[in-house]
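Participant: Can you keep this structure in mind? I'll have questions shortly.
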There are 2 protein chains.
Amino acid sequence: MAADKERGVEWRINLGDGTSRVVEAESRFGLQRFLSKVGGFFQRAWRIGVNEPKKSIHCVKVGVALSLVSLFYYMRPLYEGVGGNAMWAVMTVVVVFEYTVGATLSKSVNRATGTLLAGALGVGVHWVASHAGERFEPIILQASVFLLATAATFSRFIPSIKARFDYGAMIFILTFSLISVSGYRVEKLFEMAHHRLSTIAIGTSICIITTIVFCPVWAGTELHNLIINNMGKLSDSLDGCVADYFSSNSETSDKTLQGYKCALNSKAAEESLANFARWEPAHGKFNFGHPWSEYVKVGASLRNCAYCIEALNGSMNSKAKVSDVFKKHFGNICVRLSNKSSAVLKELAVVMSTMKKPTKIDFMVEEMKSAVQELENALKSLSKQSIQTAMAKAGEVVTLVEVVPLVTVSSLLIEIAARTEKLAGTVNGVAEKAEFEAETAEEAKKGQKSKGGNKIGQEDEEDKAMKTLQKV
Amino acid sequence: MAADKERGVEWRINLGDGTSRVVEAESRFGLQRFLSKVGGFFQRAWRIGVNEPKKSIHCVKVGVALSLVSLFYYMRPLYEGVGGNAMWAVMTVVVVFEYTVGATLSKSVNRATGTLLAGALGVGVHWVASHAGERFEPIILQASVFLLATAATFSRFIPSIKARFDYGAMIFILTFSLISVSGYRVEKLFEMAHHRLSTIAIGTSICIITTIVFCPVWAGTELHNLIINNMGKLSDSLDGCVADYFSSNSETSDKTLQGYKCALNSKAAEESLANFARWEPAHGKFNFGHPWSEYVKVGASLRNCAYCIEALNGSMNSKAKVSDVFKKHFGNICVRLSNKSSAVLKELAVVMSTMKKPTKIDFMVEEMKSAVQELENALKSLSKQSIQTAMAKAGEVVTLVEVVPLVTVSSLLIEIAARTEKLAGTVNGVAEKAEFEAETAEEAKKGQKSKGGNKIGQEDEEDKAMKTLQKV
């Protein structure tokens, strides 16, 4: 900056009165900071647009739906300005159009039902009030607004209603209040109700058609993919963190290691997607009435595994010294167990994504259990004899405290295996309730082959483990 | 039922044509089941109302606000039916009135700003379009609706905007589309804009006054209490599960044991409350601009502890046999450590709730660390010597595998202590940023006394631990 000034370079702002002022360093940096902030914002926005094209497409779809509804009213000028009915159609499109088909359907049905119910009730109350005499009319109307608004608001706190009919309850309050506040006669109300319902019908149909016809985003498919992705990520981070711990030349990327965190934080997303998915008609591999609530259970089981992986990650990062001898001794067995567990997780992801009846899972769970047994045996053999032998062979001093982190890691791996088994149970539940297809003979054959392949791989691993043990 | 029939008791339904039909067992049970379902629903609803009076009060407040706005229009009949302006005020109240003050304020500001911005832009585009000739007018209007709707929808996907201005973006799209679809001249638009803004002002002020004057529910206070409650629950379940594991006569209720699950699942609630709390003016102990984002960090640290407690709970439920001798040997030390950790958690909750500068925390964290050290020493002393001695004294056969669960529990307790220390750091961050007051001399004195009390209690505990050790 000093150099700038010496060379006579200055930042000047031209003021309105023809003079100009040198921009001081601080405000210049302030401006720079502001510009870089704005730049950063647009960069982030651009990244979202590029990485998630579905979202960009959704935005275009909203634009299309709004253009359609306004075109509809340009071509059929049956409205009288913003106060007229066109407004309700436009409003319906803006409010109802959501990212997923399920959410759009849910809001459409809620809006239509809420309006219909409140309309019927409103006309009824209006009729009663108008027959009750001029003095009681406002009292009856006010009291009914107060009572129904209170009751409908309360219903929004009840979890089962909140999950499915929250928006409907709001529309109910809105419509009922509007009808009560309006000073119309009952005949005029009928006419108005007819108009409103027809505009809502126009708005919702435009939304539903746009959302289903152009690149639909199904809540069910999103939920399905979310669960499968989380399974994959969990499997990868389990593999990665165990490998990193036991082998000095393995370096898993941080992104892979932290993958399990996605499962930790996806509870809310899973539940809302499951709620929306119920409204969706048959699409892709999913029928109407697909057991989406079972997916939520799978998600919960998955999160249970993720908690344990979190603890595993934590205990692996602790600085406690671990004896190299025992690290080698346990390494192979632990890596084997974690491989088996992550293989089960991967296979479960395959079962979910292909929606075929699980055939290999039982076998793989058994393999995992035998790896657990092996680890437990290794822990058992951790008697003073073996420690002494190991010490003598390695020629180094090993105190028992140096085994503590290994014991913890082993226990957590055993716990993860137990939770993975439970997860396999919930996936079985989905397979039963969703009536996953059985594998065809050809596929089964392929499966058999790859199972054979696994077996060979496994023997190789066992050989390696034995050799390492003998070396120790 | 057979008895019913013998005694001639039957369930009959009277049909419209004067005959009656015996209700068959199945449909009778169907009816019963339906009635019991409805009954159960109302029971649950009643329980929500009784257990959370704040929610019931909120419902009454919505009723009051709606009555107020409709009363306003009854008394000043300056509207022409539902199509008129009254509608906008009613709609504003229904849509904007939220459970917490912060949410209501956020929605009010969003609604007003969105309408204002879109109105100004809409009038501008309208003016340009009307000067572009009859042929280009609809094209310009349509294109602007499409482009702005697409852009505004996209902005709702950007996390920083979604958190604060989601509703405003929606209102922006809505208002802009309405103005474009309306066939009004620019002068008429100004008049309309004036009306709409004034009705929105009426609606939002009624909402804000009602929500602040009658039993306000502040998002900030809710967040504050949520964090403090979660700390308390975490502390209780840590204490409870360690006590249950090591002592056969301790029975903690399931509710206490599972308390940590509240912390696991409150991420979404914490984040949305923090977002709303920013909008709130000074209330109670909180100034405007209270560092609510720091509370979210505390929540995250708390959840980190909770993950570990989850794993601890899991490993304590495992069926692995544990040697009684070692259970006794470790029991006291583990219980001591868990007591120290839970005491830190409780004290952190006290710091947060009194908003006084933490004075005891450092001391208590040191105590906790020395308990960790003690446990680590105990683990170190778990050499073959001590095992042999213990075996000889107890006269029972102990294999090392029976120590494995204890080692795991100990490691997890040490990890929990480490995470509790980190939590203390984040609470310190809150204390600094929120400028918690220092303790007065009198309070400090009290604190000193209770610290002394703690010390005595601690010595007692240590005595007990020593005695148990000697017995072993």
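Ordering of the structure tokens sets the chain letters (A, B, ...), residue numbers begin anew at 1 in every chain, and ligands are numbered from 1 in the order given.
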If we count only C-alpha atoms, what is near Ala418 of chain A at a cut-off of 10 Å, once residues fewer than 2 positions away on the same chain are taken out, given as a list in words?
Facilitator: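 Here the answer would be Cys305, Ser341, Val365, Met368, Lys369, Val372, Leu412, Leu413, Ile414, Glu415, Ile416, Thr420, Glu421, Lys422, Leu423 and Ala424 of chain A; Gly314 and Ser318 of chain B.
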Participant: With distances taken over only C-alpha atoms, which residue among A:Lys188, A:His283, A:His126, A:Lys356 lies nearest chain B?
Facilitator: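 With only C-alpha atoms as the atom set, the closest residue is A:Lys188.
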Participant: Compare B:Pro291, B:Gly203, B:Gly425, B:Pro405 by their minimum atom-to-atom distance to chain A, counting only C-alpha atoms, and give me the closest one.
Facilitator: B:Pro405
Participant: So how many Å separate atom CA of Ala118 of chain A and atom CA of Asn275 of chain A, to one decimal?
Facilitator: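 So the two atoms, atom CA of Ala118 of chain A and atom CA of Asn275 of chain A, lie 23.9 Å apart.
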Participant: Residues near segment 151-167 of chain B, anyone? I mean within 9 Å using only C-alpha atoms, not counting same-chain ones fewer than 4 positions away, as an MDAnalysis selection string.
Facilitator: (chainID A and resid 44:45 48:49 55:56 58:60 62:63) or (chainID B and resid 106:107 110:111 114 146:147 171:173 271:272 275:276)
Participant: Could you pull the residues within 7 Å of Thr408 of chain A, counting only C-alpha atoms, minus those fewer than 2 positions along the same chain, as a ChimeraX atom specification?
Facilitator: /A:404-406,410-412 /B:407-408,411
Participant: Put those residues in a file: N, CA and C atoms, as a compact mmCIF listing (two decimals), in the first residue's frame.
Facilitator:
```txt
# COMPACT_ATOMS: atom_id res chain seq x y z
N VAL A 404 -5.05 -51.45 26.33
CA VAL A 404 -6.37 -50.89 26.62
C VAL A 404 -7.07 -50.31 25.39
N PRO A 405 -6.40 -49.43 24.61
CA PRO A 405 -7.10 -48.88 23.43
C PRO A 405 -7.55 -49.97 22.48
N LEU A 406 -6.71 -51.00 22.33
CA LEU A 406 -7.08 -52.09 21.43
C LEU A 406 -8.31 -52.82 21.92
N SER A 410 -11.74 -53.10 19.93
CA SER A 410 -12.33 -54.41 19.65
C SER A 410 -13.77 -54.47 20.15
N SER A 411 -13.98 -54.01 21.38
CA SER A 411 -15.34 -54.07 21.93
C SER A 411 -16.30 -53.27 21.07
N LEU A 412 -15.86 -52.09 20.65
CA LEU A 412 -16.75 -51.26 19.84
C LEU A 412 -17.03 -51.92 18.51
N VAL B 407 -12.72 -52.63 30.73
CA VAL B 407 -11.77 -51.77 30.04
C VAL B 407 -12.50 -50.86 29.05
N THR B 408 -13.48 -51.46 28.34
CA THR B 408 -14.25 -50.65 27.38
C THR B 408 -15.01 -49.54 28.08
N SER B 411 -12.64 -46.85 29.12
CA SER B 411 -12.18 -46.00 28.02
C SER B 411 -13.26 -45.03 27.60
```
Participant: Among segment 401-443 of chain A, which residues carry a DSSP assignment of helix (DSSP H, G or I), reported as a PyMOL selection string?
Facilitator: chain A and resi 401-433+441-443
Participant: Have a look at atom CA of Ala103 of chain B and atom CA of Thr210 of chain B and let me know their distance in Å, one decimal.
Facilitator: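 According to the coordinates, atom CA of Ala103 of chain B and atom CA of Thr210 of chain B are separated by 13.5 Å.
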Participant: Could you tell me how far atom CA of Gly259 of chain A lies from atom CA of Gly299 of chain B, in Å and to one decimal?
Facilitator: 20.7 Å
Participant: Quick one: residues within 9 Å of Ile361 of chain B, only C-alpha atoms counted, chain neighbours fewer than 4 positions away excluded, as number ranges by chain?
Facilitator: B: 344, 347-348, 351, 365-366, 424
Participant: With all heavy atoms retained, could you export that selection as a PDB file, in the first residue's frame?
Facilitator:
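Output below, filename again.pdb:
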```
ATOM      1  N   VAL B 344     -19.680 -31.883  36.519  1.00  0.00           N
ATOM      2  CA  VAL B 344     -19.288 -30.802  35.610  1.00  0.00           C
ATOM      3  C   VAL B 344     -20.467 -30.418  34.724  1.00  0.00           C
ATOM      4  O   VAL B 344     -20.777 -29.235  34.546  1.00  0.00           O
ATOM      5  CB  VAL B 344     -18.072 -31.225  34.752  1.00  0.00           C
ATOM      6  CG1 VAL B 344     -17.814 -30.205  33.665  1.00  0.00           C
ATOM      7  CG2 VAL B 344     -16.837 -31.387  35.617  1.00  0.00           C
ATOM      8  N   GLU B 347     -22.887 -28.473  36.730  1.00  0.00           N
ATOM      9  CA  GLU B 347     -22.402 -27.125  37.021  1.00  0.00           C
ATOM     10  C   GLU B 347     -22.480 -26.252  35.765  1.00  0.00           C
ATOM     11  O   GLU B 347     -22.818 -25.069  35.840  1.00  0.00           O
ATOM     12  CB  GLU B 347     -20.962 -27.197  37.555  1.00  0.00           C
ATOM     13  CG  GLU B 347     -20.334 -25.862  37.882  1.00  0.00           C
ATOM     14  CD  GLU B 347     -21.043 -25.114  39.015  1.00  0.00           C
ATOM     15  OE1 GLU B 347     -21.716 -25.776  39.825  1.00  0.00           O
ATOM     16  OE2 GLU B 347     -20.928 -23.874  39.053  1.00  0.00           O
ATOM     17  N   LEU B 348     -22.203 -26.862  34.593  1.00  0.00           N
ATOM     18  CA  LEU B 348     -22.324 -26.107  33.341  1.00  0.00           C
ATOM     19  C   LEU B 348     -23.766 -25.671  33.136  1.00  0.00           C
ATOM     20  O   LEU B 348     -24.039 -24.551  32.681  1.00  0.00           O
ATOM     21  CB  LEU B 348     -21.849 -26.954  32.160  1.00  0.00           C
ATOM     22  CG  LEU B 348     -20.340 -27.200  32.077  1.00  0.00           C
ATOM     23  CD1 LEU B 348     -20.022 -28.169  30.950  1.00  0.00           C
ATOM     24  CD2 LEU B 348     -19.603 -25.887  31.856  1.00  0.00           C
ATOM     25  N   VAL B 351     -24.249 -22.734  35.315  1.00  0.00           N
ATOM     26  CA  VAL B 351     -23.624 -21.539  34.728  1.00  0.00           C
ATOM     27  C   VAL B 351     -24.520 -20.960  33.645  1.00  0.00           C
ATOM     28  O   VAL B 351     -24.785 -19.762  33.598  1.00  0.00           O
ATOM     29  CB  VAL B 351     -22.236 -21.898  34.135  1.00  0.00           C
ATOM     30  CG1 VAL B 351     -21.730 -20.766  33.249  1.00  0.00           C
ATOM     31  CG2 VAL B 351     -21.250 -22.185  35.233  1.00  0.00           C
ATOM     32  N   VAL B 365     -13.249 -29.309  36.559  1.00  0.00           N
ATOM     33  CA  VAL B 365     -12.642 -30.022  35.433  1.00  0.00           C
ATOM     34  C   VAL B 365     -11.328 -30.654  35.887  1.00  0.00           C
ATOM     35  O   VAL B 365     -11.016 -31.800  35.521  1.00  0.00           O
ATOM     36  CB  VAL B 365     -12.429 -29.074  34.235  1.00  0.00           C
ATOM     37  CG1 VAL B 365     -11.524 -29.704  33.195  1.00  0.00           C
ATOM     38  CG2 VAL B 365     -13.754 -28.703  33.606  1.00  0.00           C
ATOM     39  N   GLU B 366     -10.568 -29.908  36.723  1.00  0.00           N
ATOM     40  CA  GLU B 366      -9.321 -30.473  37.237  1.00  0.00           C
ATOM     41  C   GLU B 366      -9.609 -31.724  38.064  1.00  0.00           C
ATOM     42  O   GLU B 366      -8.919 -32.745  37.944  1.00  0.00           O
ATOM     43  CB  GLU B 366      -8.561 -29.434  38.076  1.00  0.00           C
ATOM     44  CG  GLU B 366      -7.858 -28.359  37.261  1.00  0.00           C
ATOM     45  CD  GLU B 366      -7.008 -28.941  36.140  1.00  0.00           C
ATOM     46  OE1 GLU B 366      -6.316 -29.953  36.375  1.00  0.00           O
ATOM     47  OE2 GLU B 366      -7.058 -28.403  35.017  1.00  0.00           O
ATOM     48  N   ALA B 424     -17.149 -27.778  28.250  1.00  0.00           N
ATOM     49  CA  ALA B 424     -16.875 -26.672  29.172  1.00  0.00           C
ATOM     50  C   ALA B 424     -16.225 -25.518  28.423  1.00  0.00           C
ATOM     51  O   ALA B 424     -16.520 -24.341  28.690  1.00  0.00           O
ATOM     52  CB  ALA B 424     -15.990 -27.146  30.308  1.00  0.00           C
TER      53      ALA B 424
END
```
Participant: Counting only C-alpha atoms, what is within 10 Å of Pro216 of chain B, bar same-chain residues fewer than 6 positions away, as a ChimeraX atom specification?
Facilitator: /B:54,57-58,61,99-101,208-210,283
Participant: Within 8 Å of Cys241 of chain B, counting only C-alpha atoms, which residues qualify if same-chain residues fewer than 5 places away don't, as an NGL selection string?
Facilitator: :B and (252 or 257 or 313)
Participant: Could those residues be written to a file, using C-alpha atoms, as a short mmCIF file (atom, residue, chain, number, x, y, z; two decimals), in the first residue's frame?
Facilitator:
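Everything below was put into part_26.cif:
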```cif
data_model
loop_
_atom_site.label_atom_id
_atom_site.label_comp_id
_atom_site.auth_asym_id
_atom_site.auth_seq_id
_atom_site.Cartn_x
_atom_site.Cartn_y
_atom_site.Cartn_z
CA THR B 252 -32.55 -45.97 37.80
CA LEU B 257 -31.44 -43.70 31.58
CA ASN B 313 -25.10 -47.69 27.24
#
```
